[in-house]
Structure formats: structure tokens, C-alpha cells
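S.K.: The structure under discussion is supplied below as C-alpha cells; questions concerning it will follow.
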Amino acid sequence: VQLVESGGGLVQPGGSLRLSCASSGFTSDNADIGWFRQAPGKEREGVSCIIISGGITNYADSVKGRFTISRDAAKKTVYLQMNSLKPEDTAVYYCARTSRLLWINRCVLSQGDYAYWGQGTQVTVSS
């Protein structure tokens, strides 16, 4: 099983990026995908999550209204559209997947619930 992130890079404040998380080797869509990030010198934090099968989403307060998570079931890919980026969004962004569907009506941004992790992709917001 594997998760592979892509789409990171350098962008100016106010700009946009779209991150992708491609999964392979999983036999079921009954799980959540979460995006997490870790800035230098800080703990890793949850950004957004989505229930793969149902599309229910959740966002951290710091990104609400700016980031949008979505999924393409056919491509087995989850996206994180990031708009109005700020310097404080600079971090390594990781996607992760739970081993099973935890809740029918919500996904949570608790790192301990996620069993599989990608290698991360760097996002730098700077002028």
C-alpha cells in the first residue's frame, strides 16, 4: 500500500497550489484521507480530511474558507486546493489514510487515527 503526495512548491503570498495524494494497493474506499502539515520547529497539525466513500469533509479553523479537499474515486486521488496562501502555511504537507472508516458522518484530524502516511511534499509561501 502506498500514498504519494505531489504538487508542492514555492508560491507567493496570496497565490494558490493544488496538492495531490495518490493511493495504491488499498482494496476498499471505507476510510478517511487526511492532510497534515509540519512547519519547522512546530508539531505536525491536521489541516483537512475527507471520507473517501461519502465525501464528508472537515477543516482546521486556520484554513477554513481558503483550502478545499476533494476526491476523485476513479483516480484514487485526493486533492487539497489551497488558495490565498499565507507565509504561515509554509510546511511539509503529508497525506495519510485510516485503516478503516471510523465514523459514518464525520472525519477527524487526530493523527493517531491514521495508519498510513505519505512521504510529504514541501510548500513554501514567500515573496
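Letters A, B, ... go to the chains of the C-alpha cells in the order shown; residues in each chain start at 1; ligands are counted from 1 in the same order.
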Mind listing the helix (DSSP H, G or I) residues of chain A, per DSSP on the backbone, as a PyMOL selection string?
M.R.: chain A and resi 87-89+111-113
S.K.: Generate a file of the selected residues that holds C-alpha atoms, formatted as a compact mmCIF listing (two decimals), in the first residue's frame.
M.R.:
```
# COMPACT_ATOMS: atom_id res chain seq x y z
CA PRO A 87 3.61 32.61 4.81
CA GLU A 88 2.36 30.72 7.85
CA ASP A 89 1.11 27.96 5.54
CA GLN A 111 -3.04 11.87 13.83
CA GLY A 112 -3.20 8.72 15.92
CA ASP A 113 -6.19 7.51 13.90
```
S.K.: Determine, counting only C-alpha atoms, which protein, DNA and RNA residues have an atom within 8 Å of an atom of Asn30 of chain A; residues of the same chain fewer than 4 positions away are not included. Present the result as number ranges by chain.
M.R.: A: 51-53, 100-101
S.K.: With a distance cut-off of 12 Å and only C-alpha atoms, select the neighbouring residues of segment 9-17 of chain A, excluding the residue or stretch itself and same-chain residues fewer than 2 positions from it, and output the selection as a short mmCIF file (atom, residue, chain, number, x, y, z; two decimals) with all heavy atoms, in the first residue's frame.
M.R.:
```cif
data_model
loop_
_atom_site.label_atom_id
_atom_site.label_comp_id
_atom_site.auth_asym_id
_atom_site.auth_seq_id
_atom_site.Cartn_x
_atom_site.Cartn_y
_atom_site.Cartn_z
N GLU A 5 2.31 11.96 -2.33
CA GLU A 5 1.90 13.36 -2.47
C GLU A 5 2.68 14.01 -3.61
O GLU A 5 3.82 13.64 -3.90
CB GLU A 5 2.16 14.16 -1.18
CG GLU A 5 1.51 13.60 0.06
CD GLU A 5 2.47 12.79 0.90
OE1 GLU A 5 3.40 12.19 0.31
OE2 GLU A 5 2.30 12.71 2.13
N SER A 6 2.06 15.00 -4.21
CA SER A 6 2.72 15.82 -5.21
C SER A 6 2.04 17.18 -5.26
O SER A 6 0.96 17.36 -4.70
CB SER A 6 2.67 15.14 -6.59
OG SER A 6 1.33 14.98 -7.02
N GLY A 7 2.69 18.12 -5.94
CA GLY A 7 2.08 19.42 -6.14
C GLY A 7 2.64 20.55 -5.30
O GLY A 7 2.24 21.70 -5.45
N LEU A 19 -2.42 20.33 -4.10
CA LEU A 19 -1.70 19.12 -3.73
C LEU A 19 -2.52 17.90 -4.12
O LEU A 19 -3.75 17.93 -4.07
CB LEU A 19 -1.41 19.09 -2.23
CG LEU A 19 -0.66 20.28 -1.65
CD1 LEU A 19 -0.40 20.04 -0.16
CD2 LEU A 19 0.62 20.56 -2.39
N SER A 20 -1.83 16.84 -4.49
CA SER A 20 -2.48 15.58 -4.83
C SER A 20 -1.94 14.47 -3.93
O SER A 20 -0.77 14.47 -3.57
CB SER A 20 -2.22 15.20 -6.28
OG SER A 20 -2.72 16.18 -7.17
N ARG A 66 -10.27 28.88 2.78
CA ARG A 66 -9.13 29.04 1.86
C ARG A 66 -8.75 27.71 1.20
O ARG A 66 -8.33 27.70 0.04
CB ARG A 66 -7.91 29.58 2.61
CG ARG A 66 -8.13 30.93 3.25
CD ARG A 66 -6.82 31.51 3.79
NE ARG A 66 -6.22 30.68 4.84
CZ ARG A 66 -4.98 30.19 4.77
NH1 ARG A 66 -4.23 30.42 3.71
NH2 ARG A 66 -4.51 29.46 5.76
N PHE A 67 -8.88 26.62 1.92
CA PHE A 67 -8.50 25.30 1.41
C PHE A 67 -9.76 24.48 1.12
O PHE A 67 -10.75 24.59 1.83
CB PHE A 67 -7.64 24.54 2.42
CG PHE A 67 -6.26 25.10 2.64
CD1 PHE A 67 -5.87 26.32 2.14
CD2 PHE A 67 -5.33 24.37 3.36
CE1 PHE A 67 -4.59 26.83 2.35
CE2 PHE A 67 -4.05 24.85 3.59
CZ PHE A 67 -3.69 26.09 3.08
N THR A 68 -9.68 23.65 0.08
CA THR A 68 -10.77 22.76 -0.25
C THR A 68 -10.22 21.37 -0.53
O THR A 68 -9.32 21.22 -1.35
CB THR A 68 -11.54 23.25 -1.49
OG1 THR A 68 -12.04 24.58 -1.25
CG2 THR A 68 -12.72 22.33 -1.79
N TYR A 79 -7.36 15.53 -3.42
CA TYR A 79 -6.72 16.81 -3.71
C TYR A 79 -6.92 17.78 -2.55
O TYR A 79 -7.92 17.72 -1.84
CB TYR A 79 -7.32 17.42 -4.98
CG TYR A 79 -7.22 16.54 -6.19
CD1 TYR A 79 -8.32 15.78 -6.58
CD2 TYR A 79 -6.05 16.45 -6.93
CE1 TYR A 79 -8.24 14.95 -7.69
CE2 TYR A 79 -5.97 15.63 -8.03
CZ TYR A 79 -7.06 14.88 -8.41
OH TYR A 79 -6.98 14.06 -9.52
N LEU A 80 -5.96 18.68 -2.41
CA LEU A 80 -6.09 19.79 -1.48
C LEU A 80 -5.82 21.07 -2.26
O LEU A 80 -4.66 21.34 -2.61
CB LEU A 80 -5.14 19.65 -0.30
CG LEU A 80 -5.31 20.72 0.79
CD1 LEU A 80 -6.65 20.54 1.52
CD2 LEU A 80 -4.16 20.67 1.80
N GLN A 81 -6.88 21.78 -2.58
CA GLN A 81 -6.75 23.06 -3.27
C GLN A 81 -6.51 24.13 -2.22
O GLN A 81 -7.34 24.33 -1.32
CB GLN A 81 -8.02 23.37 -4.06
CG GLN A 81 -7.99 24.72 -4.76
CD GLN A 81 -6.95 24.79 -5.88
OE1 GLN A 81 -6.82 23.84 -6.65
NE2 GLN A 81 -6.23 25.89 -5.95
N MET A 82 -5.40 24.81 -2.33
CA MET A 82 -5.02 25.83 -1.35
C MET A 82 -4.98 27.19 -2.02
O MET A 82 -4.17 27.42 -2.93
CB MET A 82 -3.64 25.49 -0.75
CG MET A 82 -3.57 24.07 -0.18
SD MET A 82 -2.01 23.75 0.67
CE MET A 82 -0.85 23.88 -0.69
N ASN A 83 -5.86 28.07 -1.59
CA ASN A 83 -5.94 29.43 -2.13
C ASN A 83 -5.58 30.45 -1.05
O ASN A 83 -5.56 30.13 0.14
CB ASN A 83 -7.35 29.70 -2.65
CG ASN A 83 -7.76 28.78 -3.77
OD1 ASN A 83 -6.93 28.35 -4.58
ND2 ASN A 83 -9.05 28.48 -3.85
N SER A 84 -5.31 31.66 -1.48
CA SER A 84 -4.99 32.75 -0.55
C SER A 84 -3.91 32.32 0.44
O SER A 84 -4.03 32.53 1.65
CB SER A 84 -6.25 33.21 0.20
OG SER A 84 -7.25 33.63 -0.71
N LEU A 85 -2.87 31.75 -0.09
CA LEU A 85 -1.82 31.20 0.77
C LEU A 85 -1.09 32.29 1.53
O LEU A 85 -0.89 33.41 1.02
CB LEU A 85 -0.84 30.37 -0.05
CG LEU A 85 -1.37 28.97 -0.41
CD1 LEU A 85 -0.58 28.38 -1.57
CD2 LEU A 85 -1.32 28.05 0.79
N LYS A 86 -0.71 31.95 2.75
CA LYS A 86 -0.01 32.88 3.63
C LYS A 86 1.36 32.30 4.00
O LYS A 86 1.55 31.08 3.95
CB LYS A 86 -0.81 33.07 4.91
CG LYS A 86 -2.25 33.51 4.71
CD LYS A 86 -3.01 33.54 6.03
CE LYS A 86 -4.45 33.93 5.84
NZ LYS A 86 -5.19 33.97 7.14
N PRO A 87 2.30 33.14 4.39
CA PRO A 87 3.61 32.61 4.81
C PRO A 87 3.50 31.56 5.91
O PRO A 87 4.29 30.61 5.93
CB PRO A 87 4.34 33.86 5.29
CG PRO A 87 3.75 34.96 4.47
CD PRO A 87 2.30 34.61 4.33
N GLU A 88 2.51 31.69 6.76
CA GLU A 88 2.36 30.72 7.85
C GLU A 88 1.83 29.37 7.37
O GLU A 88 1.74 28.42 8.16
CB GLU A 88 1.45 31.27 8.95
CG GLU A 88 0.13 31.82 8.48
CD GLU A 88 0.17 33.33 8.30
OE1 GLU A 88 1.18 33.85 7.74
OE2 GLU A 88 -0.82 33.99 8.69
N ASP A 89 1.48 29.26 6.10
CA ASP A 89 1.11 27.96 5.54
C ASP A 89 2.33 27.16 5.11
O ASP A 89 2.20 25.99 4.73
CB ASP A 89 0.19 28.14 4.33
CG ASP A 89 -1.15 28.74 4.68
OD1 ASP A 89 -1.73 28.34 5.71
OD2 ASP A 89 -1.61 29.63 3.94
N THR A 90 3.50 27.77 5.17
CA THR A 90 4.73 27.08 4.81
C THR A 90 4.95 25.88 5.72
O THR A 90 4.96 26.00 6.94
CB THR A 90 5.93 28.03 4.91
OG1 THR A 90 5.79 29.07 3.94
CG2 THR A 90 7.23 27.30 4.66
N ALA A 91 5.12 24.72 5.10
CA ALA A 91 5.28 23.48 5.87
C ALA A 91 5.49 22.32 4.91
O ALA A 91 5.30 22.47 3.69
CB ALA A 91 4.03 23.20 6.72
N VAL A 92 5.86 21.18 5.46
CA VAL A 92 5.79 19.93 4.71
C VAL A 92 4.38 19.37 4.90
O VAL A 92 3.91 19.24 6.04
CB VAL A 92 6.83 18.92 5.19
CG1 VAL A 92 6.68 17.59 4.42
CG2 VAL A 92 8.24 19.47 5.01
N TYR A 93 3.72 19.09 3.80
CA TYR A 93 2.35 18.60 3.83
C TYR A 93 2.35 17.09 3.57
O TYR A 93 2.97 16.61 2.63
CB TYR A 93 1.50 19.31 2.78
CG TYR A 93 1.11 20.71 3.20
CD1 TYR A 93 2.04 21.73 3.25
CD2 TYR A 93 -0.20 21.00 3.57
CE1 TYR A 93 1.70 23.01 3.67
CE2 TYR A 93 -0.57 22.29 3.97
CZ TYR A 93 0.39 23.27 4.02
OH TYR A 93 0.04 24.55 4.42
N GLY A 120 5.45 13.15 2.11
CA GLY A 120 5.38 14.59 2.30
C GLY A 120 5.81 15.38 1.07
O GLY A 120 6.59 14.90 0.25
N THR A 121 5.27 16.59 0.97
CA THR A 121 5.66 17.50 -0.10
C THR A 121 5.79 18.90 0.50
O THR A 121 4.97 19.32 1.30
CB THR A 121 4.64 17.47 -1.25
OG1 THR A 121 5.10 18.29 -2.33
CG2 THR A 121 3.26 17.95 -0.83
N GLN A 122 6.84 19.60 0.10
CA GLN A 122 7.15 20.91 0.69
C GLN A 122 6.31 22.00 0.02
O GLN A 122 6.26 22.10 -1.20
CB GLN A 122 8.63 21.23 0.52
CG GLN A 122 9.04 22.61 1.01
CD GLN A 122 9.00 22.72 2.53
OE1 GLN A 122 9.49 21.85 3.24
NE2 GLN A 122 8.42 23.82 3.02
N VAL A 123 5.71 22.83 0.85
CA VAL A 123 5.02 24.03 0.39
C VAL A 123 5.70 25.23 1.05
O VAL A 123 5.79 25.28 2.28
CB VAL A 123 3.52 24.00 0.75
CG1 VAL A 123 2.87 25.33 0.45
CG2 VAL A 123 2.83 22.87 -0.01
N THR A 124 6.15 26.15 0.24
CA THR A 124 6.80 27.36 0.74
C THR A 124 6.08 28.57 0.19
O THR A 124 5.93 28.72 -1.02
CB THR A 124 8.28 27.40 0.33
OG1 THR A 124 8.95 26.24 0.82
CG2 THR A 124 8.95 28.64 0.91
N VAL A 125 5.60 29.42 1.10
CA VAL A 125 4.90 30.64 0.71
C VAL A 125 5.78 31.81 1.09
O VAL A 125 5.98 32.11 2.27
CB VAL A 125 3.54 30.74 1.41
CG1 VAL A 125 2.78 31.97 0.89
CG2 VAL A 125 2.72 29.48 1.19
N SER A 126 6.30 32.46 0.08
CA SER A 126 7.26 33.54 0.33
C SER A 126 7.34 34.44 -0.89
O SER A 126 7.18 34.00 -2.03
CB SER A 126 8.64 32.94 0.62
OG SER A 126 9.62 33.96 0.75
N SER A 127 7.60 35.72 -0.61
CA SER A 127 7.79 36.66 -1.70
C SER A 127 9.27 36.80 -2.05
O SER A 127 9.62 37.56 -2.96
CB SER A 127 7.20 38.03 -1.32
OG SER A 127 7.76 38.48 -0.10
#
```
S.K.: Using Å and a single decimal, report how far atom CA of Arg106 of chain A sits from atom CA of Ala60 of chain A.
M.R.: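 Straight-line distance from atom CA of Ala60 of chain A to atom CA of Arg106 of chain A works out to 13.5 Å.
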S.K.: Quote the spacing between atom CA of Glu43 of chain A and atom CA of Ile69 of chain A in Å to one decimal place.
M.R.: 21.7 Å
